[in-house]
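One file, run.cif, carrying mmCIF, C-alpha atoms:
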```
data_my_file
#
loop_
_atom_site.label_atom_id
_atom_site.label_comp_id
_atom_site.auth_asym_id
_atom_site.auth_seq_id
_atom_site.Cartn_x
_atom_site.Cartn_y
_atom_site.Cartn_z
CA MET A 1 24.12 35.68 -70.91
CA THR A 2 24.19 39.31 -69.77
CA LEU A 3 21.99 41.35 -67.46
CA ALA A 4 20.72 43.50 -70.36
CA PRO A 5 17.57 41.44 -71.11
CA PHE A 6 16.43 41.78 -67.49
CA VAL A 7 17.05 45.53 -67.45
CA ARG A 8 15.06 45.80 -70.69
CA ILE A 9 12.10 43.94 -69.16
CA ILE A 10 11.69 46.38 -66.27
CA ALA A 11 12.76 49.60 -67.98
CA GLN A 12 11.80 49.53 -71.66
CA GLY A 13 9.08 52.13 -71.33
CA LYS A 14 5.53 52.90 -70.27
CA GLY A 15 3.10 50.22 -71.33
CA ARG A 16 5.85 47.75 -72.23
CA ALA A 17 7.83 47.34 -69.03
CA ARG A 18 6.76 44.68 -66.54
CA PRO A 19 8.05 43.17 -63.31
CA LEU A 20 10.46 40.25 -63.40
CA THR A 21 9.01 36.82 -62.73
CA GLN A 22 10.48 34.93 -59.79
CA GLY A 23 12.53 32.80 -62.16
CA GLU A 24 13.83 35.82 -64.08
CA ALA A 25 14.79 37.56 -60.85
CA GLN A 26 16.68 34.47 -59.74
CA GLN A 27 18.56 34.35 -63.06
CA ALA A 28 19.43 38.05 -62.83
CA MET A 29 20.79 37.82 -59.29
CA THR A 30 22.69 34.64 -60.17
CA LEU A 31 24.52 36.58 -62.91
CA ILE A 32 25.30 39.41 -60.50
CA LEU A 33 26.68 37.12 -57.78
CA ALA A 34 28.75 35.21 -60.34
CA GLY A 35 30.45 38.42 -61.45
CA LYS A 36 28.98 38.14 -64.96
CA ALA A 37 27.07 41.43 -64.97
CA ALA A 38 28.45 44.81 -66.00
CA PRO A 39 28.44 47.33 -63.13
CA GLU A 40 26.43 49.79 -65.23
CA ALA A 41 23.74 47.16 -65.77
CA ILE A 42 23.65 46.27 -62.08
CA GLY A 43 23.18 49.93 -61.17
CA ALA A 44 20.44 50.34 -63.78
CA LEU A 45 18.56 47.26 -62.57
CA LEU A 46 18.76 48.19 -58.89
CA MET A 47 17.75 51.82 -59.37
CA VAL A 48 14.79 51.09 -61.64
CA LEU A 49 13.52 48.66 -59.02
CA ARG A 50 14.19 51.23 -56.32
CA MET A 51 12.04 53.82 -58.09
CA ARG A 52 9.25 51.42 -59.03
CA GLY A 53 9.28 49.27 -55.89
CA GLU A 54 10.10 45.56 -55.84
CA THR A 55 7.42 42.88 -56.13
CA ASP A 56 7.05 39.82 -53.93
CA ALA A 57 8.20 37.56 -56.79
CA GLU A 58 11.29 39.68 -57.49
CA ILE A 59 12.40 39.61 -53.85
CA ALA A 60 11.74 35.87 -53.69
CA GLY A 61 13.74 35.27 -56.88
CA PHE A 62 16.70 37.37 -55.77
CA THR A 63 16.68 35.61 -52.39
CA ALA A 64 16.53 32.17 -54.02
CA ALA A 65 19.67 33.03 -56.00
CA LEU A 66 21.48 34.15 -52.86
CA ARG A 67 20.44 31.02 -50.98
CA HIS A 68 21.75 28.86 -53.83
CA ASN A 69 24.99 30.87 -53.67
CA ARG A 70 25.52 30.24 -49.94
CA LEU A 71 29.33 29.89 -50.16
CA GLY A 72 30.47 30.17 -46.55
CA GLY A 73 26.93 29.96 -45.21
CA THR A 74 26.94 26.28 -44.42
CA THR A 75 27.34 24.41 -41.18
CA ASP A 76 27.14 20.84 -39.95
CA ILE A 77 25.33 22.06 -36.83
CA PRO A 78 21.63 22.87 -37.37
CA VAL A 79 20.68 26.48 -36.63
CA ASP A 80 17.34 27.18 -34.99
CA LEU A 81 17.02 30.93 -35.50
CA ASP A 82 18.29 33.20 -38.27
CA TRP A 83 18.85 36.79 -37.07
CA PRO A 84 19.94 39.23 -39.83
CA CYS A 85 21.53 42.53 -38.73
CA TYR A 86 21.75 44.95 -41.67
CA ALA A 87 20.37 48.26 -40.41
CA ALA A 88 22.32 51.34 -41.41
CA GLY A 89 20.50 53.99 -39.40
CA ARG A 90 22.64 56.86 -38.20
CA SER A 91 20.40 57.35 -35.17
CA ARG A 92 20.67 53.85 -33.71
CA GLY A 93 21.73 53.37 -30.13
CA ALA A 94 23.24 50.39 -28.35
CA PRO A 95 22.38 47.07 -30.07
CA LEU A 96 20.21 45.70 -27.29
CA PHE A 97 18.86 43.06 -29.68
CA ALA A 98 22.20 41.26 -29.33
CA LEU A 99 21.47 40.65 -25.65
CA ALA A 100 18.01 39.39 -26.60
CA ALA A 101 19.62 36.94 -29.03
CA LYS A 102 21.83 35.70 -26.20
CA LEU A 103 18.81 35.04 -24.00
CA VAL A 104 17.31 32.91 -26.77
CA ALA A 105 20.58 30.98 -26.98
CA GLN A 106 20.52 30.49 -23.22
CA ALA A 107 17.09 28.91 -23.58
CA GLY A 108 18.80 26.16 -25.55
CA TYR A 109 18.44 27.37 -29.14
CA ARG A 110 21.20 27.94 -31.69
CA VAL A 111 21.01 31.52 -32.91
CA ALA A 112 22.97 32.83 -35.91
CA LEU A 113 23.50 36.59 -36.21
CA HIS A 114 24.89 37.81 -39.54
CA GLY A 115 25.25 41.18 -41.14
CA TRP A 116 26.95 44.42 -41.93
CA ASN A 117 26.27 47.76 -40.27
CA SER A 118 27.48 50.95 -41.89
CA HIS A 119 26.88 54.65 -41.22
CA GLN A 120 26.71 54.07 -37.47
CA GLY A 121 28.47 55.63 -34.52
CA THR A 122 30.56 53.76 -31.98
CA VAL A 123 27.63 53.28 -29.60
CA ALA A 124 25.69 51.32 -32.26
CA ASP A 125 28.61 49.12 -33.32
CA LEU A 126 27.31 45.55 -33.11
CA ARG A 127 30.68 43.88 -33.53
CA GLY A 128 32.16 46.07 -30.82
CA ALA A 129 29.25 45.27 -28.52
CA LEU A 130 29.63 41.54 -29.06
CA GLN A 131 33.30 41.80 -28.14
CA ALA A 132 32.67 44.03 -25.12
CA THR A 133 29.97 41.82 -23.65
CA GLY A 134 31.65 38.51 -24.44
CA ILE A 135 28.28 36.91 -25.21
CA LEU A 136 29.28 34.95 -28.32
CA GLY A 137 29.48 31.20 -27.98
CA ASP A 138 27.25 28.68 -26.20
CA GLY A 139 24.64 28.79 -28.94
CA LEU A 140 25.14 32.34 -30.24
CA SER A 141 27.27 33.07 -33.32
CA TYR A 142 27.96 36.06 -35.52
CA SER A 143 29.09 35.98 -39.16
CA ALA A 144 30.20 39.04 -41.13
CA LEU A 145 28.71 39.43 -44.60
CA GLU A 146 32.07 40.14 -46.22
CA ALA A 147 33.23 36.68 -45.13
CA LEU A 148 29.95 34.85 -45.73
CA ASN A 149 29.45 36.09 -49.28
CA PRO A 150 31.92 38.62 -50.73
CA ALA A 151 29.87 39.00 -53.94
CA ALA A 152 26.74 40.01 -52.02
CA PHE A 153 28.86 42.37 -49.94
CA GLU A 154 30.02 44.13 -53.12
CA VAL A 155 26.41 44.61 -54.22
CA LEU A 156 25.51 46.04 -50.82
CA LYS A 157 28.43 48.49 -51.01
CA LEU A 158 26.99 49.96 -54.22
CA ARG A 159 24.96 52.16 -51.88
CA ASN A 160 28.09 54.25 -51.44
CA ILE A 161 28.22 54.82 -55.22
CA LEU A 162 24.52 55.05 -56.03
CA GLY A 163 23.63 57.08 -52.95
CA LEU A 164 20.54 55.00 -52.20
CA ARG A 165 19.71 51.65 -50.64
CA SER A 166 18.56 48.94 -53.01
CA CYS A 167 16.64 45.69 -52.82
CA ILE A 168 19.80 43.89 -51.67
CA ASN A 169 19.08 45.25 -48.17
CA THR A 170 15.78 43.37 -48.16
CA VAL A 171 17.22 40.28 -49.82
CA LEU A 172 19.98 39.97 -47.23
CA ARG A 173 17.36 40.01 -44.47
CA MET A 174 15.54 37.21 -46.31
CA TRP A 175 18.72 35.23 -47.00
CA ASN A 176 18.87 32.84 -44.03
CA PRO A 177 22.39 31.66 -44.94
CA PHE A 178 22.45 28.78 -42.45
CA ALA A 179 19.02 27.43 -43.44
CA ALA A 180 17.60 27.95 -39.96
CA ARG A 181 14.08 26.71 -39.34
CA ALA A 182 12.89 30.16 -38.26
CA SER A 183 13.87 33.77 -38.86
CA VAL A 184 13.30 37.18 -37.27
CA GLN A 185 13.60 40.38 -39.30
CA GLY A 186 13.40 44.07 -38.50
CA VAL A 187 12.48 46.75 -41.03
CA PHE A 188 12.57 50.53 -40.93
CA HIS A 189 9.72 51.19 -43.37
CA PRO A 190 6.44 49.47 -42.32
CA SER A 191 5.47 48.67 -45.92
CA TYR A 192 8.30 46.14 -46.15
CA ARG A 193 6.80 43.93 -43.43
CA GLY A 194 4.16 42.53 -45.76
CA LEU A 195 6.54 42.35 -48.71
CA GLN A 196 8.97 40.16 -46.81
CA SER A 197 6.31 37.83 -45.42
CA ARG A 198 4.71 37.37 -48.86
CA ALA A 199 8.11 36.71 -50.46
CA ALA A 200 8.83 34.17 -47.72
CA THR A 201 5.62 32.37 -48.63
CA LEU A 202 6.79 32.09 -52.25
CA LEU A 203 10.05 30.62 -51.00
CA GLY A 204 8.28 28.00 -48.89
CA ASP A 205 9.46 29.37 -45.54
CA LYS A 206 7.41 28.37 -42.50
CA ASN A 207 8.31 30.54 -39.51
CA LEU A 208 9.16 34.22 -39.82
CA THR A 209 8.47 37.24 -37.63
CA VAL A 210 8.83 40.73 -39.13
CA ILE A 211 8.42 43.96 -37.13
CA LYS A 212 9.14 47.65 -37.58
CA GLY A 213 12.15 47.56 -35.30
CA GLY A 214 14.46 50.09 -33.73
CA GLY A 215 16.50 51.66 -36.54
CA GLY A 216 15.50 48.77 -38.81
CA GLU A 217 16.80 45.97 -36.58
CA PHE A 218 14.72 43.24 -34.93
CA GLU A 219 14.36 45.15 -31.67
CA ARG A 220 10.98 46.09 -30.22
CA HIS A 221 9.93 49.20 -28.32
CA PRO A 222 8.69 47.83 -24.98
CA ALA A 223 6.27 50.70 -24.30
CA LYS A 224 4.37 50.45 -27.59
CA GLU A 225 1.98 47.94 -29.09
CA ILE A 226 3.64 46.48 -32.16
CA THR A 227 2.31 44.92 -35.33
CA ILE A 228 3.73 41.54 -36.28
CA TYR A 229 3.82 40.21 -39.83
CA GLY A 230 5.29 37.00 -41.15
CA LEU A 231 4.53 33.31 -41.07
CA HIS A 232 3.70 30.98 -38.21
CA ASN A 233 3.78 27.29 -39.10
CA GLY A 234 3.38 28.28 -42.74
CA VAL A 235 0.32 30.50 -42.16
CA GLU A 236 0.61 34.23 -42.89
CA ILE A 237 0.06 36.33 -39.77
CA ASP A 238 -0.90 39.91 -38.92
CA SER A 239 -0.89 40.09 -35.12
CA ARG A 240 -0.42 42.58 -32.31
CA ALA A 241 1.78 42.38 -29.24
CA ALA A 242 0.79 44.63 -26.35
CA ALA A 243 3.21 47.01 -24.65
CA ILE A 244 5.01 45.46 -21.68
CA LEU A 245 6.03 48.74 -20.05
CA THR A 246 4.49 52.16 -19.43
CA ASP A 247 7.02 54.79 -20.48
CA THR A 248 7.37 57.65 -22.94
CA ARG A 249 11.08 57.22 -23.56
CA ARG A 250 12.45 56.96 -27.08
CA LEU A 251 13.92 53.58 -27.96
CA HIS A 252 17.34 55.08 -28.71
CA ASP A 253 17.57 58.29 -26.71
CA PRO A 254 20.95 60.03 -27.19
CA GLU A 255 20.44 61.77 -23.85
CA GLN A 256 20.25 58.42 -22.07
CA PRO A 257 23.14 56.37 -23.48
CA ILE A 258 23.39 52.71 -22.53
CA ASP A 259 26.61 50.92 -21.72
CA ILE A 260 25.64 47.54 -23.14
CA ALA A 261 28.45 45.65 -21.39
CA ALA A 262 27.50 47.18 -18.04
CA LEU A 263 23.83 46.39 -18.62
CA TRP A 264 24.64 42.76 -19.37
CA SER A 265 26.94 42.40 -16.38
CA GLY A 266 24.47 44.09 -14.04
CA ALA A 267 26.76 47.03 -13.28
CA GLN A 268 24.18 49.36 -14.90
CA GLU A 269 20.47 49.19 -14.07
CA ASP A 270 18.07 50.45 -16.71
CA PRO A 271 14.48 49.12 -16.55
CA PHE A 272 13.60 50.46 -20.02
CA ALA A 273 16.64 48.89 -21.68
CA SER A 274 16.02 45.62 -19.82
CA ALA A 275 12.40 45.63 -21.02
CA THR A 276 13.64 46.17 -24.58
CA VAL A 277 15.83 43.08 -24.31
CA ILE A 278 13.08 41.01 -22.69
CA GLY A 279 10.40 42.08 -25.18
CA THR A 280 12.64 41.38 -28.17
CA ALA A 281 13.69 37.98 -26.83
CA ALA A 282 10.03 37.14 -26.15
CA LEU A 283 9.11 37.72 -29.80
CA ALA A 284 12.04 35.58 -30.96
CA LEU A 285 11.08 32.78 -28.57
CA TRP A 286 7.49 32.93 -29.82
CA THR A 287 8.79 32.62 -33.39
CA LEU A 288 10.59 29.43 -32.37
CA GLY A 289 7.46 28.02 -30.73
CA ALA A 290 8.90 28.10 -27.21
CA ALA A 291 5.37 28.90 -26.00
CA GLN A 292 1.99 29.57 -27.59
CA THR A 293 1.38 33.14 -26.41
CA PHE A 294 3.37 36.37 -26.10
CA ASP A 295 2.58 36.51 -22.39
CA GLN A 296 4.16 33.09 -21.91
CA THR A 297 7.31 33.90 -23.87
CA THR A 298 7.57 37.27 -22.09
CA ALA A 299 7.52 35.43 -18.76
CA LEU A 300 10.18 33.04 -20.08
CA ALA A 301 12.36 35.91 -21.34
CA THR A 302 11.99 37.72 -18.00
CA SER A 303 13.21 34.61 -16.19
CA LEU A 304 16.12 34.21 -18.59
CA TRP A 305 17.16 37.84 -18.08
CA GLY A 306 17.06 37.51 -14.32
CA ASN A 307 19.16 34.35 -14.44
CA ARG A 308 21.40 35.27 -17.36
CA HIS A 309 24.61 34.64 -15.43
CA SER A 310 23.60 31.22 -14.15
CA GLN A 311 25.87 28.38 -15.20
CA ASP A 312 22.97 25.95 -15.58
CA ARG A 313 22.00 26.26 -19.26
CA ARG A 314 19.27 24.01 -20.63
CA ARG A 315 16.25 24.26 -22.90
CA LEU A 316 13.43 25.57 -20.70
#
```

File written out as structure tokens:
Amino acid sequence: MTLAPFVRIIAQGKGRARPLTQGEAQQAMTLILAGKAAPEAIGALLMVLRMRGETDAEIAGFTAALRHNRLGGTTDIPVDLDWPCYAAGRSRGAPLFALAAKLVAQAGYRVALHGWNSHQGTVADLRGALQATGILGDGLSYSALEALNPAAFEVLKLRNILGLRSCINTVLRMWNPFAARASVQGVFHPSYRGLQSRAATLLGDKNLTVIKGGGGEFERHPAKEITIYGLHNGVEIDSRAAAILTDTRRLHDPEQPIDIAALWSGAQEDPFASATVIGTAALALWTLGAAQTFDQTTALATSLWGNRHSQDRRRL
């Protein structure tokens, strides 16, 4: 089977074209990941969907194919929280969300970061930050996409040829390669928050928090109220989390660079950056059900941040 029938369905002309069903989308992505689709057909499929906009069922079908094609994304140790990192914003600053993920791990949860970050400067380099801070281990892991699933990585790299992002960016956020019981996702464009939560419902996911995050990552602005989409115990949500800080600073201000290793060690004090870490960790802890309210998980995250270098690690 080739990809041509699926391209024909979505692109055969006004009045005749229609969206792919979830099953058709899964078949199409399965062909792509198996290397059985011509590159011209892949480009045609992705760009037609880019222009038209993907449906919930299409994203769910593509994601189902990727989940079935986990390859390296398996582990004998259960993962509590899936944390995709696929933003490609040129304006991103230090990846403070990585420190938030570490706080969640220090609360006793197993957190799996995975991703690929292109088009970013040195200051936004997640892999470099993880090495500089030495925070990996003890519940926090990071997996590179090119090792987890080389076929998906090749599809993602088509951006360099096509000149535009495609639905693979969304699908990778939805992937959850380690089958964690909960997931957090950041988006750049607000319209994708609802798309991802509705697709997650079709996939049978239960706990997912989606926000418009800094540069497209799961990282909240501490001085702004944020809108939260997703699923909580299988129920679709549309909630608000109040600001936890009064400040007018931009989330990633190039005039106020952050040394992420110094911030983690305590050598650099930055109340705004610390609040970013605490607020992001609080949302992740709420997703995991560590407490019932944002105020409670914010208090927990604040305590974790203040005691982040303690040797006594246990589930609080």

**Report entry** Answer as a PyMOL selection string, residues within 6 Å of (24.4, 48.9, -34.0) using only C-alpha atoms
**Finding:** chain A and resi 94-95+124-126

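Evaluating the PyMOL selection byres ((chain A and resi 220) around 7) against the shown model yields Gly213, Gly214, Phe218, Glu219, His221, Pro222, Thr276, Gly279 and Thr280 of chain A.
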
Report task. I need the residue set behind the PyMOL selection byres ((chain A and resi 87) around 9) for this file; please write it as a PyMOL selection string. Result -> chain A and resi 85-86+88-89+92+115-118+169+186-188+215-217

Report task. Using CA of Asp295 in chain A and CA of Ser274 in chain A as the two end points, give the distance in Å to one decimal. Result -> 16.4 Å

Query raised in the report: Mind listing as a PyMOL selection string all residues within 12 Å of (9.2, 36.2, -24.7), counting only C-alpha atoms?
Result: chain A and resi 100-101+103-104+107+220+222+241+244+275-305

List as JSON lines every residue of range 143-221 of chain A that is in contact with range 11-24 of chain A, defined as an atom at most 10 Å from one of its atoms (using all atoms listed in the file), together with the nearest atom pair and the distance in Å rounded to one decimal, sorted by chain and then rising number.
```
{"residue": "A:Ala199", "atom": "CA", "partner": "A:Gln22", "partner_atom": "CA", "distance": 9.8}
{"residue": "A:Leu202", "atom": "CA", "partner": "A:Gln22", "partner_atom": "CA", "distance": 8.9}
{"residue": "A:Leu203", "atom": "CA", "partner": "A:Gln22", "partner_atom": "CA", "distance": 9.8}
```

Go ahead and write the residues just picked, C-alpha atoms, as a short mmCIF file (atom, residue, chain, number, x, y, z; two decimals), in the coordinates of the input.
```
data_model
loop_
_atom_site.label_atom_id
_atom_site.label_comp_id
_atom_site.auth_asym_id
_atom_site.auth_seq_id
_atom_site.Cartn_x
_atom_site.Cartn_y
_atom_site.Cartn_z
CA ALA A 199 8.11 36.71 -50.46
CA LEU A 202 6.79 32.09 -52.25
CA LEU A 203 10.05 30.62 -51.00
#
```
